[in-house]
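Here's the structure, in structure tokens; my notes come after.
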Amino acid sequence: MNQKPHEDHIYIEALLKNDSRILSKIYEKYSYKIVAMVKKNNGNADDAQDIIQETLVTIYHQAIEKGFILTCPFDAYFYLLCKRKWLNELKKRGNKKVTILEDITSISEEQKQQVEETELFEQQHQLFESKFKELGIKCQELLKASFKIKSMEKVAEFLGVSYGYARKKKSQCMGQLTKLVKNSTEFQQLKEY
Amino acid sequence: MEDERYITFENYLTNKLSNEELKLFEEKIQSDVDFKYEFEIYKALNSSLASKFSNEEKEQELKKTLTSLGNKHLKKETKVISLFNYKKLMVAASIALLIGFFLFKNGDPVYSDFSNHHKLELVVRSENNQAISKAEAAFNSKNYNEALEHLNTLSQIYLNDTEILLYKGICLLELNNFFEAEAIFDKISTGNSALVNQAIWYKALSLLKQKKYLECKKVLETIPKSAEEFKQAKKLLRKL
């Protein structure tokens with residue numbers, strides 16, 4: 001796959017750098033279309049704002065963890081992500097009839113691929129988050145500390161346990177989490193995707 | 001023991017395996033499907049959690065920025081449609097109805113029957129600059145290419161001027177750049193300026209010009225009774 005960043009990759013960089021000057025351009029240039037789409041489909045301006053923000057945060061997660069590179073124009077990529085997110089939201093709210101017909105954006109194969117990549121990332125991210133919360137509180141704390149502090153020596157010190165014990169505990173907790181993910185139906189579906 | 005497996009994963013990821021252990025690990029990855037499968041999940045979790053927790057503060061900061069940008073650009077006060085002109089409206093509506101009767105019923109309506117644009121008068125602005133008068137002259141003499149050029153210049157000076165934007169849209173519509181024109185009308189009609197209904201009306205006209213009658217009808221139906229454009233909309237609707 002072509003990994004040359006598109007010039008619109010500046011928006012991804014702006015997310016990473018929290019550059020509000022460039023980020024405001026996203027709102028100026030691209031948000032009105034999304035607001036119009038949400039409003040036409042049982043939503044209001046607040047819904048649109050949430051959808052836009054959540055989508056941007058997802059892209060940020062993907063960029064910071066996976067080094068996501070945007071290789072297509074931002075416009076249609078972003079619009080389609082927001083649209084699909086809104087469809088999901090409508091489904092969650094129990095709306096049976098959820099097909100958004102109106103569509104002014106034509107999508108290239110590459111854009112579609114990037115959209116799907118981001119969506120897949122998001123589904124995995126959400127699954128991991130929800131399974132993490134199913135862990136016992138002790139495990140959650142230990143993992144949080146070990147990823148935040150990084151040095152296991154310091155983690156052990158922080159938790160008041162021995163280094164060996166902290167390490168063993170960490171891999172046990174991670175093992176539990178691995179099994180939770182492995183046995184979840186969501187993960188089976190993700191795999192097939 | 002299962003726990004052993006995860007300790008091995010952890011040691012592998014933190015480069016703590018001896019050469020011998022490493023060799024065993026690599027062999028197992030090749031031969032044991034479940035081992036490999038779990039390792040992949042373990043690794044993905046590791047990367048996800050590491051990213052999440054080491055960037056928590058950054059993420060909060062970003063969310064703050066996005067919330068404030070969203071509030072600035074997307075939050076609107078709710079529009080209240082006043083009913084004070086109810087009687088006037090009834091009169092207007094009945095006149096519209098009457099006119100409707102006199103219009104012939106056969107044949108599809110044509111864009112040019114409805115495209116009587118208001119004159120462009122930007123003089124209300126304090127500065128009297130050349131681009132303004134040039135834009136007005138060009139637009140009012142139906143020289144849309146030239147008008148568009150001047151309006152483009154003007155929109156760089158008056159950044160958020162909805163009127164200039166609307167007239168840009170009209171020029172684009174006249175020049176059959178429907179996609180760009182409609183993007184402008186959509187932008188205005190989802191905003192909260194005084195030009196919301198005009199923008200909806202022009203969106204409808206754009207669809208009419210493209211002979212997309214059904215879509216045109218749908219758009220027209222969203223123009224509220226209280227709008228100045230309602231009368232025209234009604235007239236056009238009758239013909240569709």
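Residues are named by chain letter and number: chains run A, B, ... in the order of the structure tokens, numbers start at 1 in each chain, and ligands are numbered from 1 in the order shown.
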Which residues of chain B sit at most 7 Å from chain A, using only C-alpha atoms? Give each one's shortest atom pair and distance in Å (one decimal place), in chain and ascending residue order, as a tab-separated table.
residue	atom	partner	partner_atom	distance
B:Asp3	CA	A:Gln172	CA	6.1
B:Tyr6	CA	A:Ser171	CA	5.4
B:Ile7	CA	A:Ser171	CA	5.4
B:Glu10	CA	A:Ser171	CA	6.0
B:Glu38	CA	A:Thr178	CA	6.7
B:Ile41	CA	A:Thr178	CA	6.0
B:Tyr42	CA	A:Thr178	CA	5.6
B:Leu45	CA	A:Phe128	CA	6.9
B:Ser48	CA	A:Glu65	CA	6.9
B:Leu49	CA	A:Phe147	CA	6.9
B:Ala50	CA	A:Phe147	CA	5.2
B:Ser51	CA	A:Glu65	CA	5.7
B:Phe53	CA	A:Lys148	CA	5.5
B:Ser54	CA	A:Lys148	CA	5.1
B:Leu62	CA	A:Asn18	CA	5.5
B:Thr65	CA	A:Ser20	CA	6.5
B:Leu66	CA	A:Gln53	CA	6.4
B:Leu69	CA	A:Ser24	CA	6.2
B:Gly70	CA	A:Gln49	CA	6.0
B:His73	CA	A:Tyr27	CA	6.5
B:Leu74	CA	A:Ala45	CA	6.6
B:Lys75	CA	A:Ala45	CA	6.8
B:Lys187	CA	A:Tyr32	CA	5.6
B:Thr190	CA	A:Ala36	CA	6.2
Would you save the residues of that selection, restricted to N, CA, C and O atoms, as a CSV table (one decimal), in the first residue's frame?
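Contents of the output file again.csv:
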chain,number,residue,atom,x,y,z
B,3,ASP,N,0.2,-19.6,33.5
B,3,ASP,CA,0.8,-18.4,34.0
B,3,ASP,C,2.2,-18.3,33.3
B,3,ASP,O,2.7,-17.3,33.0
B,6,TYR,N,2.3,-16.6,30.0
B,6,TYR,CA,2.2,-15.1,30.0
B,6,TYR,C,3.5,-14.5,30.5
B,6,TYR,O,3.9,-13.4,30.1
B,7,ILE,N,4.2,-15.2,31.4
B,7,ILE,CA,5.5,-14.7,31.9
B,7,ILE,C,6.5,-14.7,30.7
B,7,ILE,O,7.2,-13.8,30.5
B,10,GLU,N,5.7,-11.8,28.5
B,10,GLU,CA,6.2,-10.6,29.1
B,10,GLU,C,7.7,-10.5,28.9
B,10,GLU,O,8.2,-9.4,28.6
B,38,GLU,N,-2.6,-16.4,21.2
B,38,GLU,CA,-2.7,-15.7,22.5
B,38,GLU,C,-1.6,-14.6,22.5
B,38,GLU,O,-1.7,-13.5,23.1
B,41,ILE,N,-2.7,-11.5,20.8
B,41,ILE,CA,-3.6,-10.7,21.6
B,41,ILE,C,-2.8,-10.0,22.7
B,41,ILE,O,-3.0,-8.8,22.9
B,42,TYR,N,-2.0,-10.7,23.4
B,42,TYR,CA,-1.2,-10.2,24.5
B,42,TYR,C,-0.4,-8.9,24.0
B,42,TYR,O,-0.4,-7.9,24.6
B,45,LEU,N,-2.7,-6.0,23.2
B,45,LEU,CA,-3.2,-5.4,24.4
B,45,LEU,C,-2.1,-4.5,25.0
B,45,LEU,O,-2.3,-3.4,25.5
B,48,SER,N,-1.8,-1.4,23.1
B,48,SER,CA,-2.9,-0.5,23.3
B,48,SER,C,-2.9,0.2,24.7
B,48,SER,O,-3.1,1.4,24.8
B,49,LEU,N,-2.6,-0.7,25.7
B,49,LEU,CA,-2.6,-0.1,27.1
B,49,LEU,C,-1.5,0.9,27.3
B,49,LEU,O,-1.6,1.9,28.0
B,50,ALA,N,-0.3,0.5,26.7
B,50,ALA,CA,0.8,1.4,26.9
B,50,ALA,C,0.5,2.7,26.3
B,50,ALA,O,0.8,3.8,26.9
B,51,SER,N,-0.1,2.7,25.1
B,51,SER,CA,-0.4,4.0,24.5
B,51,SER,C,-1.5,4.8,25.3
B,51,SER,O,-1.4,6.0,25.5
B,53,PHE,N,-2.3,4.6,28.5
B,53,PHE,CA,-1.9,5.2,29.8
B,53,PHE,C,-0.8,6.2,29.8
B,53,PHE,O,-0.7,7.1,30.6
B,54,SER,N,0.1,6.0,28.8
B,54,SER,CA,1.2,7.0,28.8
B,54,SER,C,0.8,8.3,28.1
B,54,SER,O,1.5,9.2,28.2
B,62,LEU,N,-6.3,17.3,24.5
B,62,LEU,CA,-6.9,17.3,23.1
B,62,LEU,C,-8.4,17.4,23.2
B,62,LEU,O,-9.0,18.2,22.5
B,65,THR,N,-9.4,20.9,23.9
B,65,THR,CA,-9.4,21.8,22.7
B,65,THR,C,-10.5,21.5,21.8
B,65,THR,O,-11.2,22.4,21.3
B,66,LEU,N,-10.8,20.2,21.5
B,66,LEU,CA,-11.9,19.9,20.6
B,66,LEU,C,-13.3,20.4,21.2
B,66,LEU,O,-14.1,20.9,20.4
B,69,LEU,N,-13.4,24.1,20.6
B,69,LEU,CA,-13.6,24.4,19.1
B,69,LEU,C,-15.1,24.0,18.7
B,69,LEU,O,-15.7,24.8,17.9
B,70,GLY,N,-15.5,22.9,19.2
B,70,GLY,CA,-16.9,22.5,18.8
B,70,GLY,C,-17.9,23.5,19.3
B,70,GLY,O,-18.8,23.9,18.6
B,73,HIS,N,-17.7,26.6,17.1
B,73,HIS,CA,-18.2,26.5,15.7
B,73,HIS,C,-19.6,25.9,15.5
B,73,HIS,O,-20.2,26.1,14.5
B,74,LEU,N,-20.0,25.1,16.5
B,74,LEU,CA,-21.2,24.3,16.2
B,74,LEU,C,-22.4,24.7,17.1
B,74,LEU,O,-23.5,24.3,16.8
B,75,LYS,N,-22.1,25.3,18.3
B,75,LYS,CA,-23.2,25.5,19.2
B,75,LYS,C,-24.0,26.7,18.7
B,75,LYS,O,-23.5,27.7,18.3
B,187,LYS,N,-24.1,24.9,3.8
B,187,LYS,CA,-23.3,25.5,4.9
B,187,LYS,C,-24.2,26.6,5.6
B,187,LYS,O,-24.3,26.7,6.8
B,190,THR,N,-27.5,25.4,7.4
B,190,THR,CA,-27.3,24.8,8.8
B,190,THR,C,-26.8,25.8,9.8
B,190,THR,O,-26.5,25.4,10.9
Would you pick out the contacts of A:Glu119 at 12 Å or less, using only C-alpha atoms, so that residues sharing its chain but fewer than 6 positions from it are not included, and give the list as a VMD selection string? chain A and resid 55 58 to 59 61 to 62 77 to 78 80 to 85 88 112 to 113 125 to 126 190 193
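For B:Ser112, the set of protein, DNA and RNA residues having any atom at most 12 Å away, when counting only C-alpha atoms and skipping those fewer than 3 positions along the same chain, is Asp108, Pro109, Ser115, Asn116, His117, Leu173, Glu174, Leu205, Ser206, Leu208, Lys209, Gln210 and Leu236 of chain B.
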Given only C-alpha atoms as the basis, pick out the residue of A:Glu134, A:Ala63, A:Asp75, A:Leu90 nearest to A:Glu122. A:Ala63
As a check of understanding: the span from atom CA of B:Tyr144 to atom CA of B:Leu237 is 27.2 Å
List the neighbours of B:Lys225 out to 9 Å using only C-alpha atoms; skip same-chain residues closer than 3 positions along the sequence, and give me the result as number ranges by chain. B: 89, 93, 228-231
Could you please take those selected residues and save C-alpha atoms as a short mmCIF file (atom, residue, chain, number, x, y, z; two decimals), in the first residue's frame?
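So part-v8.cif came out as:
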data_model
loop_
_atom_site.label_atom_id
_atom_site.label_comp_id
_atom_site.auth_asym_id
_atom_site.auth_seq_id
_atom_site.Cartn_x
_atom_site.Cartn_y
_atom_site.Cartn_z
CA LEU B 89 -49.16 34.89 6.60
CA ALA B 93 -50.69 32.04 1.71
CA GLU B 228 -39.96 35.29 2.93
CA GLU B 229 -39.26 32.52 0.44
CA PHE B 230 -42.29 30.54 1.41
CA LYS B 231 -44.51 32.12 -1.21
#
Residues at most 10 Å from stretch 146-163 of chain B, counting only C-alpha atoms, excluding those fewer than 3 positions away in the same chain, as a compact mmCIF listing (two decimals) with all heavy atoms, in the first residue's frame?
# COMPACT_ATOMS: atom_id res chain seq x y z
N LEU B 120 -27.45 42.59 -5.84
CA LEU B 120 -26.37 42.54 -4.86
C LEU B 120 -26.06 43.97 -4.42
O LEU B 120 -25.68 44.80 -5.23
CB LEU B 120 -25.13 41.88 -5.48
CG LEU B 120 -23.88 41.83 -4.60
CD1 LEU B 120 -24.13 41.07 -3.32
CD2 LEU B 120 -22.73 41.17 -5.35
N GLU B 121 -26.28 44.23 -3.14
CA GLU B 121 -25.99 45.57 -2.61
C GLU B 121 -25.20 45.43 -1.33
O GLU B 121 -25.75 45.22 -0.26
CB GLU B 121 -27.30 46.33 -2.35
CG GLU B 121 -27.91 46.86 -3.63
CD GLU B 121 -29.33 47.35 -3.42
OE1 GLU B 121 -29.85 47.26 -2.29
OE2 GLU B 121 -29.91 47.82 -4.41
N LEU B 122 -23.93 45.53 -1.48
CA LEU B 122 -23.07 45.36 -0.30
C LEU B 122 -22.68 46.71 0.31
O LEU B 122 -21.90 46.76 1.24
CB LEU B 122 -21.81 44.57 -0.68
CG LEU B 122 -22.03 43.13 -1.15
CD1 LEU B 122 -20.77 42.61 -1.80
CD2 LEU B 122 -22.45 42.24 -0.01
N ASN B 129 -14.99 49.92 -0.85
CA ASN B 129 -13.84 49.52 -1.64
C ASN B 129 -14.22 49.09 -3.04
O ASN B 129 -15.36 48.77 -3.35
CB ASN B 129 -12.93 48.55 -0.87
CG ASN B 129 -13.32 47.11 -0.99
OD1 ASN B 129 -13.79 46.67 -2.03
ND2 ASN B 129 -13.13 46.39 0.09
N GLN B 130 -13.22 49.08 -3.87
CA GLN B 130 -13.44 48.84 -5.29
C GLN B 130 -14.01 47.46 -5.57
O GLN B 130 -14.90 47.31 -6.41
CB GLN B 130 -12.11 49.01 -6.03
CG GLN B 130 -11.79 50.44 -6.33
CD GLN B 130 -11.12 50.52 -7.69
OE1 GLN B 130 -10.32 49.67 -8.04
NE2 GLN B 130 -11.46 51.54 -8.45
N ALA B 131 -13.48 46.50 -4.87
CA ALA B 131 -13.94 45.12 -5.10
C ALA B 131 -15.44 45.02 -4.89
O ALA B 131 -16.15 44.32 -5.61
CB ALA B 131 -13.20 44.17 -4.19
N ILE B 132 -15.93 45.75 -3.87
CA ILE B 132 -17.38 45.71 -3.59
C ILE B 132 -18.17 46.24 -4.78
O ILE B 132 -19.07 45.56 -5.29
CB ILE B 132 -17.72 46.52 -2.32
CG1 ILE B 132 -17.17 45.78 -1.09
CG2 ILE B 132 -19.22 46.73 -2.19
CD1 ILE B 132 -17.51 46.42 0.23
N SER B 133 -17.81 47.43 -5.25
CA SER B 133 -18.61 47.98 -6.35
C SER B 133 -18.45 47.17 -7.63
O SER B 133 -19.40 47.00 -8.39
CB SER B 133 -18.28 49.47 -6.58
OG SER B 133 -16.91 49.68 -6.47
N LYS B 134 -17.27 46.63 -7.83
CA LYS B 134 -17.07 45.79 -9.01
C LYS B 134 -17.91 44.52 -8.94
O LYS B 134 -18.52 44.10 -9.93
CB LYS B 134 -15.60 45.40 -9.16
CG LYS B 134 -14.77 46.48 -9.84
CD LYS B 134 -13.36 45.95 -10.06
CE LYS B 134 -12.44 47.02 -10.59
NZ LYS B 134 -11.03 46.64 -10.41
N ALA B 135 -17.93 43.94 -7.75
CA ALA B 135 -18.72 42.72 -7.56
C ALA B 135 -20.19 43.01 -7.82
O ALA B 135 -20.87 42.25 -8.52
CB ALA B 135 -18.52 42.17 -6.15
N GLU B 136 -20.65 44.12 -7.26
CA GLU B 136 -22.06 44.48 -7.43
C GLU B 136 -22.39 44.70 -8.90
O GLU B 136 -23.37 44.15 -9.42
CB GLU B 136 -22.37 45.76 -6.65
CG GLU B 136 -22.45 45.53 -5.16
CD GLU B 136 -22.60 46.84 -4.39
OE1 GLU B 136 -22.46 47.92 -5.01
OE2 GLU B 136 -22.86 46.76 -3.18
N ALA B 137 -21.55 45.49 -9.56
CA ALA B 137 -21.81 45.79 -10.97
C ALA B 137 -21.85 44.51 -11.80
O ALA B 137 -22.77 44.30 -12.59
CB ALA B 137 -20.74 46.73 -11.49
N ALA B 138 -20.87 43.67 -11.57
CA ALA B 138 -20.80 42.43 -12.35
C ALA B 138 -22.01 41.54 -12.08
O ALA B 138 -22.64 41.02 -12.99
CB ALA B 138 -19.51 41.69 -12.05
N PHE B 139 -22.32 41.39 -10.81
CA PHE B 139 -23.44 40.50 -10.46
C PHE B 139 -24.76 41.04 -11.03
O PHE B 139 -25.52 40.30 -11.65
CB PHE B 139 -23.56 40.35 -8.94
CG PHE B 139 -24.61 39.35 -8.53
CD1 PHE B 139 -24.29 38.01 -8.39
CD2 PHE B 139 -25.94 39.74 -8.33
CE1 PHE B 139 -25.25 37.08 -8.04
CE2 PHE B 139 -26.91 38.81 -7.98
CZ PHE B 139 -26.56 37.47 -7.84
N ASN B 140 -24.97 42.33 -10.83
CA ASN B 140 -26.26 42.89 -11.25
C ASN B 140 -26.42 42.93 -12.77
O ASN B 140 -27.54 43.00 -13.27
CB ASN B 140 -26.47 44.26 -10.62
CG ASN B 140 -26.55 44.16 -9.09
OD1 ASN B 140 -26.92 43.10 -8.56
ND2 ASN B 140 -26.18 45.22 -8.39
N SER B 141 -25.30 42.87 -13.47
CA SER B 141 -25.43 42.78 -14.93
C SER B 141 -25.26 41.34 -15.41
O SER B 141 -24.93 41.08 -16.56
CB SER B 141 -24.45 43.72 -15.62
OG SER B 141 -23.15 43.41 -15.18
N LYS B 142 -25.44 40.42 -14.48
CA LYS B 142 -25.42 38.98 -14.76
C LYS B 142 -24.08 38.48 -15.32
O LYS B 142 -24.03 37.49 -16.04
CB LYS B 142 -26.55 38.59 -15.73
CG LYS B 142 -27.95 38.90 -15.20
CD LYS B 142 -28.99 38.24 -16.08
CE LYS B 142 -30.40 38.71 -15.82
NZ LYS B 142 -30.89 38.48 -14.45
N ASN B 143 -23.05 39.17 -14.96
CA ASN B 143 -21.72 38.72 -15.37
C ASN B 143 -21.13 37.88 -14.23
O ASN B 143 -20.32 38.35 -13.44
CB ASN B 143 -20.86 39.97 -15.65
CG ASN B 143 -19.65 39.59 -16.47
OD1 ASN B 143 -19.29 38.41 -16.55
ND2 ASN B 143 -19.02 40.59 -17.07
N LEU B 166 -23.29 33.64 0.22
CA LEU B 166 -24.51 33.28 -0.50
C LEU B 166 -24.43 33.69 -1.97
O LEU B 166 -24.76 32.92 -2.87
CB LEU B 166 -25.73 33.93 0.15
CG LEU B 166 -27.06 33.65 -0.56
CD1 LEU B 166 -27.49 32.21 -0.33
CD2 LEU B 166 -28.16 34.59 -0.12
N TYR B 167 -23.95 34.90 -2.19
CA TYR B 167 -23.87 35.37 -3.57
C TYR B 167 -22.81 34.61 -4.37
O TYR B 167 -22.95 34.42 -5.56
CB TYR B 167 -23.66 36.89 -3.61
CG TYR B 167 -25.00 37.60 -3.48
CD1 TYR B 167 -25.53 37.87 -2.23
CD2 TYR B 167 -25.75 37.92 -4.61
CE1 TYR B 167 -26.78 38.47 -2.11
CE2 TYR B 167 -27.00 38.52 -4.49
CZ TYR B 167 -27.51 38.80 -3.24
OH TYR B 167 -28.75 39.36 -3.12
N LYS B 168 -21.78 34.18 -3.66
CA LYS B 168 -20.83 33.29 -4.33
C LYS B 168 -21.54 32.03 -4.80
O LYS B 168 -21.36 31.56 -5.92
CB LYS B 168 -19.71 32.87 -3.34
CG LYS B 168 -18.45 33.69 -3.47
CD LYS B 168 -17.48 33.36 -2.36
CE LYS B 168 -16.74 32.05 -2.58
NZ LYS B 168 -15.67 31.88 -1.56
N GLY B 169 -22.38 31.52 -3.91
CA GLY B 169 -23.15 30.33 -4.24
C GLY B 169 -24.04 30.56 -5.45
O GLY B 169 -24.12 29.72 -6.35
N ILE B 170 -24.67 31.73 -5.49
CA ILE B 170 -25.57 32.03 -6.62
C ILE B 170 -24.77 32.08 -7.92
O ILE B 170 -25.19 31.53 -8.94
CB ILE B 170 -26.32 33.36 -6.38
CG1 ILE B 170 -27.17 33.26 -5.10
CG2 ILE B 170 -27.22 33.68 -7.57
CD1 ILE B 170 -27.85 34.53 -4.68
N CYS B 171 -23.61 32.73 -7.87
CA CYS B 171 -22.76 32.78 -9.06
C CYS B 171 -22.41 31.37 -9.52
O CYS B 171 -22.52 31.03 -10.70
CB CYS B 171 -21.46 33.53 -8.78
SG CYS B 171 -21.70 35.29 -8.56
N LEU B 172 -22.00 30.55 -8.57
CA LEU B 172 -21.62 29.17 -8.92
C LEU B 172 -22.80 28.43 -9.52
O LEU B 172 -22.66 27.66 -10.48
CB LEU B 172 -21.12 28.44 -7.66
CG LEU B 172 -19.75 28.89 -7.17
CD1 LEU B 172 -19.51 28.46 -5.73
CD2 LEU B 172 -18.65 28.33 -8.07
N LEU B 175 -23.31 29.44 -12.93
CA LEU B 175 -22.26 28.88 -13.79
C LEU B 175 -22.30 27.35 -13.85
O LEU B 175 -21.38 26.70 -14.34
CB LEU B 175 -20.88 29.35 -13.29
CG LEU B 175 -20.68 30.88 -13.30
CD1 LEU B 175 -19.43 31.26 -12.51
CD2 LEU B 175 -20.59 31.39 -14.73
N ILE B 184 -22.13 25.38 -0.47
CA ILE B 184 -22.28 26.69 0.16
C ILE B 184 -23.70 26.85 0.75
O ILE B 184 -23.87 27.24 1.90
CB ILE B 184 -21.99 27.81 -0.86
CG1 ILE B 184 -20.48 27.87 -1.14
CG2 ILE B 184 -22.49 29.16 -0.34
CD1 ILE B 184 -20.06 28.91 -2.15
N LYS B 187 -24.07 24.88 3.81
CA LYS B 187 -23.35 25.46 4.94
C LYS B 187 -24.17 26.58 5.57
O LYS B 187 -24.32 26.66 6.78
CB LYS B 187 -22.00 26.00 4.47
CG LYS B 187 -21.17 26.54 5.60
CD LYS B 187 -19.83 27.04 5.16
CE LYS B 187 -19.07 27.61 6.34
NZ LYS B 187 -17.75 28.09 5.98
N ILE B 188 -24.73 27.43 4.72
CA ILE B 188 -25.51 28.55 5.25
C ILE B 188 -26.80 28.05 5.90
O ILE B 188 -27.18 28.52 6.98
CB ILE B 188 -25.84 29.57 4.14
CG1 ILE B 188 -24.55 30.11 3.53
CG2 ILE B 188 -26.69 30.72 4.70
CD1 ILE B 188 -24.74 31.00 2.32
N GLY B 191 -26.55 26.98 9.35
CA GLY B 191 -26.05 27.99 10.28
C GLY B 191 -27.20 28.72 10.96
O GLY B 191 -28.33 28.24 10.97
N ASN B 192 -26.90 29.88 11.52
CA ASN B 192 -27.98 30.60 12.19
C ASN B 192 -28.05 32.06 11.74
O ASN B 192 -28.43 32.94 12.50
CB ASN B 192 -27.84 30.50 13.71
CG ASN B 192 -26.51 31.06 14.18
OD1 ASN B 192 -25.65 31.38 13.35
ND2 ASN B 192 -26.33 31.20 15.46
N SER B 193 -27.69 32.31 10.51
CA SER B 193 -27.76 33.67 10.01
C SER B 193 -29.18 33.97 9.54
O SER B 193 -30.05 33.10 9.57
CB SER B 193 -26.80 33.83 8.84
OG SER B 193 -27.28 33.11 7.74
N ALA B 194 -29.37 35.19 9.09
CA ALA B 194 -30.68 35.57 8.59
C ALA B 194 -30.93 34.98 7.21
O ALA B 194 -32.02 35.08 6.67
CB ALA B 194 -30.78 37.09 8.53
N LEU B 195 -29.91 34.37 6.64
CA LEU B 195 -30.02 33.91 5.26
C LEU B 195 -30.33 32.42 5.13
O LEU B 195 -30.28 31.87 4.03
CB LEU B 195 -28.73 34.24 4.50
CG LEU B 195 -28.37 35.72 4.48
CD1 LEU B 195 -27.04 35.95 3.79
CD2 LEU B 195 -29.46 36.53 3.78
N VAL B 196 -30.66 31.80 6.24
CA VAL B 196 -30.90 30.36 6.24
C VAL B 196 -31.92 29.96 5.17
O VAL B 196 -31.66 29.07 4.35
CB VAL B 196 -31.39 29.89 7.63
CG1 VAL B 196 -31.92 28.47 7.58
CG2 VAL B 196 -30.25 29.99 8.64
N ALA B 199 -30.91 30.40 1.61
CA ALA B 199 -29.98 29.35 1.20
C ALA B 199 -30.74 28.06 0.86
O ALA B 199 -30.42 27.38 -0.12
CB ALA B 199 -28.96 29.08 2.30
Quick check for you: according to DSSP on this backbone, which residues of chain A are classed as helix (DSSP H, G or I)? Reply as number ranges by chain. A: 9-17, 20-40, 45-66, 74-92, 109-134, 137-149, 152-159, 163-182, 185-192
Take atom CA of B:Tyr37 and atom CA of A:Thr185 and report the distance between them in Å, one decimal.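 Rounded to one decimal, the two atoms are 15.5 Å apart.
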One number please: atom CA of B:Asn71 to atom CA of A:Asp8, in Å, one decimal. 23.6 Å
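Proximity to B:Leu207 was assessed for B:Phe114, B:Phe25, B:Phe178, B:Tyr12 counting only C-alpha atoms; the smallest distance is recorded for B:Phe178.
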